[in-house]
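What's in coords-v7.cif: mmCIF, C-alpha atoms
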```cif
data_target
loop_
_atom_site.label_atom_id
_atom_site.label_comp_id
_atom_site.auth_asym_id
_atom_site.auth_seq_id
_atom_site.Cartn_x
_atom_site.Cartn_y
_atom_site.Cartn_z
CA MET C 133 -5.29 8.72 -13.81
CA GLN C 134 -5.77 5.40 -15.60
CA ILE C 135 -6.07 2.49 -13.20
CA ILE C 136 -6.15 -1.22 -13.97
CA GLU C 137 -8.11 -2.53 -11.01
CA SER C 138 -6.17 -5.64 -10.05
CA LEU C 139 -3.93 -7.03 -7.34
CA THR C 140 -1.03 -6.86 -9.78
CA GLN C 141 -1.53 -3.12 -10.29
CA PHE C 142 -1.84 -2.61 -6.54
CA ILE C 143 1.41 -4.45 -5.80
CA VAL C 144 3.32 -2.71 -8.62
CA ASP C 145 2.20 0.71 -7.41
CA LEU C 146 2.92 -0.21 -3.80
CA GLU C 147 6.47 -1.31 -4.60
CA ALA C 148 7.05 1.89 -6.59
CA PHE C 149 5.78 3.89 -3.61
CA GLU C 150 8.14 2.08 -1.23
CA THR C 151 11.13 2.76 -3.47
CA GLN C 152 10.15 6.40 -3.80
CA LEU C 153 9.69 6.68 -0.03
CA LYS C 154 13.20 5.38 0.64
CA ASN C 155 14.71 7.72 -1.94
CA SER C 156 12.76 10.66 -0.51
CA SER C 157 14.06 9.88 2.97
CA LEU C 158 17.63 9.99 1.67
CA THR C 159 16.96 13.28 -0.12
CA LEU C 160 15.47 14.85 3.01
CA SER C 161 18.36 13.64 5.14
CA ALA C 162 20.85 15.25 2.77
CA CYS C 163 19.04 18.59 2.53
CA GLY C 164 19.12 19.15 6.30
CA LYS C 165 16.00 21.35 6.50
CA VAL C 166 13.68 18.80 8.09
CA ARG C 167 14.20 17.51 11.61
CA HIS C 168 15.07 13.86 11.90
CA SER C 169 11.99 13.13 14.02
CA VAL C 170 9.67 14.67 11.40
CA ARG C 171 11.10 12.91 8.37
CA GLY C 172 11.36 9.71 10.41
CA ARG C 173 7.63 9.76 11.14
CA MET C 174 6.85 10.19 7.46
CA HIS C 175 9.11 7.26 6.62
CA ASP C 176 7.52 5.04 9.29
CA CYS C 177 3.96 5.92 8.22
CA GLY C 178 4.83 5.20 4.61
CA MET C 179 6.41 1.86 5.47
CA ASP C 180 3.23 0.90 7.33
CA ILE C 181 1.40 1.18 4.01
CA ALA C 182 4.08 -0.75 2.14
CA HIS C 183 4.39 -3.55 4.71
CA PHE C 184 0.65 -3.99 5.14
CA GLY C 185 0.21 -4.42 1.40
CA SER C 186 0.99 -8.14 1.46
CA THR C 187 -1.48 -8.68 4.32
CA PHE C 188 -4.17 -6.89 2.37
CA CYS C 189 -3.43 -8.95 -0.75
CA ASP C 190 -3.77 -12.20 1.22
CA ALA C 191 -7.10 -11.06 2.69
CA HIS C 192 -8.40 -9.97 -0.71
CA THR C 193 -7.35 -13.25 -2.33
CA LYS C 194 -9.10 -15.37 0.32
CA ALA C 195 -12.33 -13.37 0.18
CA THR C 196 -12.37 -13.42 -3.62
CA ALA C 197 -11.75 -17.17 -3.73
CA TRP C 198 -14.88 -17.87 -1.68
CA ALA C 199 -16.94 -15.44 -3.74
CA VAL C 200 -15.83 -17.20 -6.92
CA ASP C 201 -16.62 -20.56 -5.30
CA ASP C 202 -20.22 -19.42 -4.78
CA ILE C 203 -20.40 -18.45 -8.45
CA GLU C 204 -19.23 -21.92 -9.44
CA ILE C 205 -21.91 -23.52 -7.30
CA PHE C 206 -24.60 -21.44 -9.00
CA ASN C 207 -23.18 -22.01 -12.48
CA GLN C 208 -22.97 -25.77 -12.07
CA THR C 209 -26.46 -26.12 -10.60
CA ARG C 210 -28.39 -23.94 -13.02
CA GLU C 211 -30.64 -26.84 -13.95
CA ASN C 212 -30.72 -28.54 -10.57
CA TRP C 213 -32.11 -26.22 -7.92
CA GLN C 214 -32.54 -29.04 -5.44
CA LEU C 215 -28.84 -29.93 -5.60
CA ARG C 216 -27.93 -26.27 -5.13
CA PHE C 217 -30.22 -25.96 -2.12
CA GLU C 218 -28.85 -29.12 -0.51
CA LEU C 219 -25.24 -28.07 -1.03
CA LEU C 220 -25.77 -24.56 0.35
CA ARG C 221 -27.71 -25.93 3.31
CA SER C 222 -24.91 -28.38 4.05
CA LYS C 223 -22.41 -25.56 3.78
CA GLN C 224 -24.03 -23.54 6.59
CA ASP C 225 -22.54 -25.61 9.42
CA SER C 226 -19.39 -26.71 7.62
CA LEU C 227 -15.75 -25.67 7.64
CA ALA C 228 -16.39 -24.02 4.27
CA ALA C 229 -18.85 -21.57 5.84
CA ARG C 230 -16.46 -20.78 8.66
CA ARG C 231 -13.59 -20.18 6.26
CA GLU C 232 -15.79 -17.98 4.07
CA GLU C 233 -16.75 -15.90 7.11
CA GLU C 234 -13.09 -15.64 8.11
CA GLY C 235 -12.31 -14.40 4.62
CA ARG C 236 -15.05 -11.78 4.78
CA ARG C 237 -13.96 -10.52 8.19
CA GLY C 238 -10.32 -10.50 7.17
CA LEU C 239 -11.06 -8.36 4.12
CA THR C 240 -13.18 -5.82 5.98
CA VAL C 241 -10.53 -5.39 8.70
CA ALA C 242 -7.81 -5.10 6.04
CA TYR C 243 -9.69 -2.29 4.31
CA LYS C 244 -10.14 -0.45 7.60
CA ALA C 245 -6.48 -0.81 8.54
CA ILE C 246 -4.96 0.30 5.26
CA LEU C 247 -7.22 3.37 5.12
CA PHE C 248 -5.89 4.37 8.55
CA PHE C 249 -2.31 3.94 7.35
CA ILE C 250 -2.90 5.96 4.17
CA ARG C 251 -4.58 8.74 6.16
CA ALA C 252 -1.74 8.89 8.71
CA PHE C 253 0.82 9.21 5.94
CA GLN C 254 -0.85 12.36 4.61
CA ASP C 255 -0.44 14.10 7.98
CA SER C 256 3.19 13.06 8.33
CA ALA C 257 3.99 14.23 4.79
CA TYR C 258 2.32 17.55 5.52
CA ALA C 259 4.64 17.97 8.54
CA VAL C 260 7.63 17.53 6.22
CA LEU C 261 6.25 20.17 3.85
CA VAL C 262 5.82 22.62 6.73
CA GLU C 263 9.50 22.36 7.62
CA LEU C 264 10.65 22.45 4.01
CA THR C 265 8.79 25.73 3.53
CA GLY C 266 10.43 27.35 6.56
CA GLY C 267 8.05 26.49 9.38
CA LYS C 268 8.14 24.14 12.34
CA ALA C 269 5.86 21.14 12.16
CA PRO C 270 3.25 21.08 14.95
CA ALA C 271 3.11 18.22 17.42
CA TYR C 272 -0.07 16.99 15.74
CA PRO C 273 0.18 17.92 12.05
CA SER C 274 -3.07 17.86 10.09
CA MET C 275 -3.46 17.78 6.34
CA SER C 276 -7.11 18.66 6.94
CA ARG C 277 -6.13 22.02 8.40
CA CYS C 278 -3.75 22.64 5.53
CA LEU C 279 -6.51 22.08 2.98
CA GLY C 280 -9.10 23.88 5.10
CA LYS C 281 -8.24 26.84 7.32
CA GLN C 282 -4.67 27.28 6.08
CA LYS C 283 -5.27 27.40 2.33
CA ASN C 284 -3.01 30.40 1.89
CA GLY C 285 0.00 28.76 3.49
CA PRO C 286 3.12 27.74 1.54
CA SER C 287 2.44 24.04 2.09
CA PHE C 288 -0.96 24.38 0.45
CA GLN C 289 0.63 26.00 -2.58
CA VAL C 290 2.71 22.85 -3.05
CA ILE C 291 -0.18 20.43 -2.49
CA SER C 292 -2.54 22.36 -4.77
CA GLY C 293 -0.24 21.45 -7.64
CA ILE C 294 -1.32 17.81 -7.35
CA GLU C 295 -4.37 17.53 -9.59
CA GLY C 296 -7.34 15.90 -7.87
CA TYR C 297 -5.57 15.51 -4.52
CA GLU C 298 -7.85 17.72 -2.44
CA GLU C 299 -11.06 16.04 -3.63
CA TRP C 300 -9.55 12.60 -3.06
CA PHE C 301 -8.23 13.52 0.38
CA PHE C 302 -11.56 14.66 1.78
CA ARG C 303 -13.33 11.61 0.37
CA MET C 304 -10.75 9.32 1.96
CA ARG C 305 -10.83 11.30 5.22
CA ASP C 306 -14.61 10.88 5.40
CA TRP C 307 -14.22 7.10 5.07
CA ARG C 308 -11.58 7.04 7.79
CA ASN C 309 -13.67 9.21 10.13
CA ARG C 310 -16.69 6.96 9.73
CA ILE C 311 -14.57 3.92 10.48
CA LYS C 312 -13.10 5.66 13.54
CA SER C 313 -16.55 6.43 14.93
CA GLY C 314 -17.57 2.79 14.59
CA VAL C 315 -19.09 1.29 11.46
CA GLY C 316 -19.44 -2.13 9.92
CA PHE C 317 -18.52 -3.27 6.44
CA GLY C 318 -20.40 -5.64 4.20
CA MET C 319 -18.87 -7.31 1.17
CA VAL C 320 -19.98 -6.20 -2.29
CA GLY C 321 -19.21 -7.42 -5.78
CA PRO C 322 -18.30 -7.96 -8.44
CA GLN C 323 -17.23 -11.38 -7.26
CA SER C 324 -14.00 -11.22 -9.24
CA ASN C 325 -13.00 -8.04 -7.39
CA VAL C 326 -14.79 -7.91 -4.07
CA GLY C 327 -14.98 -4.66 -2.14
CA VAL C 328 -16.77 -3.35 0.92
CA ALA C 329 -19.77 -1.14 1.64
CA PHE C 330 -20.58 0.76 4.82
CA VAL C 331 -23.21 -0.91 7.01
CA HIS C 332 -25.05 0.94 9.78
CA ILE C 333 -27.22 -0.42 12.58
CA THR C 334 -30.37 1.64 13.03
CA ASP C 335 -32.19 2.36 16.29
CA GLU C 336 -34.75 -0.21 15.13
CA ASN C 337 -31.95 -2.83 15.18
CA SER C 338 -31.86 -3.30 11.43
CA LEU C 339 -28.94 -3.08 9.02
CA THR C 340 -28.72 -0.49 6.27
CA PHE C 341 -26.21 -0.43 3.43
CA THR C 342 -25.06 2.93 2.10
CA SER C 343 -24.24 3.63 -1.52
CA ASP C 344 -20.58 4.23 -0.61
CA THR C 345 -18.33 1.36 -1.60
CA ILE C 346 -14.57 0.93 -1.45
CA HIS C 347 -12.74 -1.26 -3.95
CA MET C 348 -9.19 -2.01 -5.01
CA ARG C 349 -9.30 1.01 -7.31
CA ASP C 350 -9.64 3.34 -4.32
CA LEU C 351 -6.58 1.89 -2.62
CA ILE C 352 -4.51 2.14 -5.80
CA GLU C 353 -5.61 5.76 -6.07
CA GLY C 354 -4.53 6.37 -2.46
CA VAL C 355 -1.09 4.87 -3.07
CA ARG C 356 -0.64 6.95 -6.22
CA PHE C 357 -1.61 10.22 -4.55
CA SER C 358 0.80 9.39 -1.73
CA SER C 359 3.51 8.87 -4.34
CA GLN C 360 2.68 12.20 -5.96
CA LEU C 361 3.00 13.85 -2.56
CA LEU C 362 6.51 12.41 -2.26
CA THR C 363 7.31 13.69 -5.75
CA SER C 364 6.23 17.19 -4.71
CA ILE C 365 8.45 16.99 -1.63
CA VAL C 366 11.50 15.92 -3.62
CA ASN C 367 10.84 18.57 -6.28
CA LEU C 368 10.64 21.23 -3.58
CA VAL C 369 14.00 20.15 -2.19
CA ALA C 370 15.49 20.32 -5.69
CA LEU C 371 14.11 23.83 -6.27
CA GLU C 372 15.46 25.13 -2.98
CA THR C 373 18.84 23.51 -3.60
CA THR C 374 19.04 25.15 -7.02
CA ALA C 375 17.98 28.52 -5.62
CA ALA C 376 20.64 28.32 -2.91
CA LYS C 377 23.35 27.85 -5.55
CA VAL C 378 22.31 30.91 -7.55
#
```
As a first step, turn the structure in this file into structure tokens.
Amino acid sequence: MQIIESLTQFIVDLEAFETQLKNSSLTLSACGKVRHSVRGRMHDCGMDIAHFGSTFCDAHTKATAWAVDDIEIFNQTRENWQLRFELLRSKQDSLAARREEEGRRGLTVAYKAILFFIRAFQDSAYAVLVELTGGKAPAYPSMSRCLGKQKNGPSFQVISGIEGYEEWFFRMRDWRNRIKSGVGFGMVGPQSNVGVAFVHITDENSLTFTSDTIHMRDLIEGVRFSSQLLTSIVNLVALETTAAKV
């Protein structure tokens, strides 16, 4: 899928997802095959993603602004290293440094939160698929089990039609699991589109950065796969409705 990695693309895709989520909820309500509690959980998990989008955008904007500010300092002091040193030294104990740190922390927490919301939505959508295909959703539905031990189930047959979904899901699940077990994030560039990288504390009390990074592109991809999951759900309802009329 072609992705323009920008806040604009993220917001456009997020709004499309929210509209699709609301329409899917209406479709599921009309079909009558999915319990209200199950489709309600999917709707709530999806709205968590949609509503948190503006918070993430604010955090990303603040963090990017300070990264760009650092670039400007370096660009305007290319020929005056002493001025650069004095300004950066003065910055260390200033409001600017505190705001920059707030921006960094805000962005890392925002990435962690939205990954949790996206992951939760996959499980709730899987529960809907279970009931649409004639089963009863378990108390703790798991997309991981669907794509792992239950690959022959009817829900898997639907999900396998989404190209690239399985590979994306396990990559995203690994990120979420590492966050859940306790991990830090460090900011990475480019400065015009800052992202995060996993940071681990070793037994020797040093910090190590991994090669794994998460950027805006990864979140856009997550929103799009979630939208494709909704499309599969609606298409399944349409197929069953047509079959019932024959």
Evaluate the PyMOL selection byres ((chain C and resi 187) around 12) here and jot the selected residues down as a list in words.
Ile143, Asp180, Ile181, Ala182, His183, Phe184, Gly185, Ser186, Phe188, Cys189, Asp190, Ala191, His192, Thr193, Lys194, Gly238, Leu239, Val241, Ala242, Tyr243, Ala245 and Ile246 of chain C
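With CA of Gly164 (chain C) on one side and CA of Ala148 (chain C) on the other, the separation reads 24.7 Å.
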Need the shell around Lys268 (chain C): protein/DNA/RNA residues with any atom at most 12 Å away, counting all atoms listed in the file. Skip same-chain ones fewer than 6 positions apart. Format as a list in words?
Lys165, Val166, Arg167, Ser169, Val170, Tyr258, Ala259, Val260, Leu261, Val262 and Ser287 of chain C
Take the residues from that selection and put them in a file with C-alpha atoms, as a compact mmCIF listing (two decimals), in the frame of the given file.
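Once everything was written out, this is again08.txt:
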```txt
# COMPACT_ATOMS: atom_id res chain seq x y z
CA LYS C 165 16.00 21.35 6.50
CA VAL C 166 13.68 18.80 8.09
CA ARG C 167 14.20 17.51 11.61
CA SER C 169 11.99 13.13 14.02
CA VAL C 170 9.67 14.67 11.40
CA TYR C 258 2.32 17.55 5.52
CA ALA C 259 4.64 17.97 8.54
CA VAL C 260 7.63 17.53 6.22
CA LEU C 261 6.25 20.17 3.85
CA VAL C 262 5.82 22.62 6.73
CA SER C 287 2.44 24.04 2.09
```
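One finds CA of Ile352 (chain C) at 9.0 Å from CA of Ser138 (chain C).
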Residue neighbourhood Lys223 (chain C), 12 Å, all atoms listed in the file, exclusion window fewer than 5 positions, as a VMD selection string:
chain C and resid 201 to 202 205 216 to 218 228 to 233
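Of the listed residues (C:Phe357, C:Trp300, C:Phe288, C:Phe249), C:Phe288 comes nearest to Met275 (chain C); the distances count only C-alpha atoms.
Each of C:Met174, C:Ala162, C:Leu153, C:Ala329 was compared to Ala257 (chain C) using only C-alpha atoms, and C:Met174 turns out to be the nearest.
Our summary of the geometry notes that CA of Gly285 (chain C) is positioned 18.3 Å from CA of Glu299 (chain C).
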Got a sec: who's within 10 Å of Ile136 (chain C), counting all atoms listed in the file, leaving out chain neighbours fewer than 6 positions off, as a PyMOL selection string?
chain C and resi 142+348-349+352
So which residues fall inside 6 Å of (-12.3, 3.2, 6.4) if we count all atoms listed in the file? Mind giving them as JSON, numbers by chain?
{"C": [244, 247, 307, 308, 311]}
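Evaluated on this file, the PyMOL selection byres ((chain C and resi 317) around 7) matches Thr240, Val315, Gly316, Gly318, Met319, Val328, Ala329, Phe330 and Val331 of chain C.
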Step by step: start from the point (-0.9, 14.1, 15.9) in the file's coordinates, keep every protein, DNA or RNA residue that has an atom no farther than 12 Å from it, count all atoms listed in the file, and write the set as JSON, numbers by chain.
{"C": [170, 173, 251, 252, 253, 254, 255, 256, 258, 259, 269, 270, 271, 272, 273, 274, 275, 276]}
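Proximity of C:Ile203, C:Val366, C:Thr196, C:Asn309 to Leu220 (chain C), computed with all atoms listed in the file, is greatest for C:Ile203.
Considering the residues C:Ile346, C:Val326, C:Ile291, C:Leu219 and counting all atoms listed in the file, Arg303 (chain C) has its shortest atom-to-atom contact with C:Ile346.
Distance annotation: of C:Thr345, C:Gly296, C:Lys283, C:Glu263, the residue with the minimal separation from His168 (chain C) is C:Glu263; atom set is all atoms listed in the file.
With all atoms listed in the file as the basis for measurement, C:His175 is the residue among C:Arg221, C:Arg277, C:His175, C:Arg305 that approaches Phe149 (chain C) most closely.
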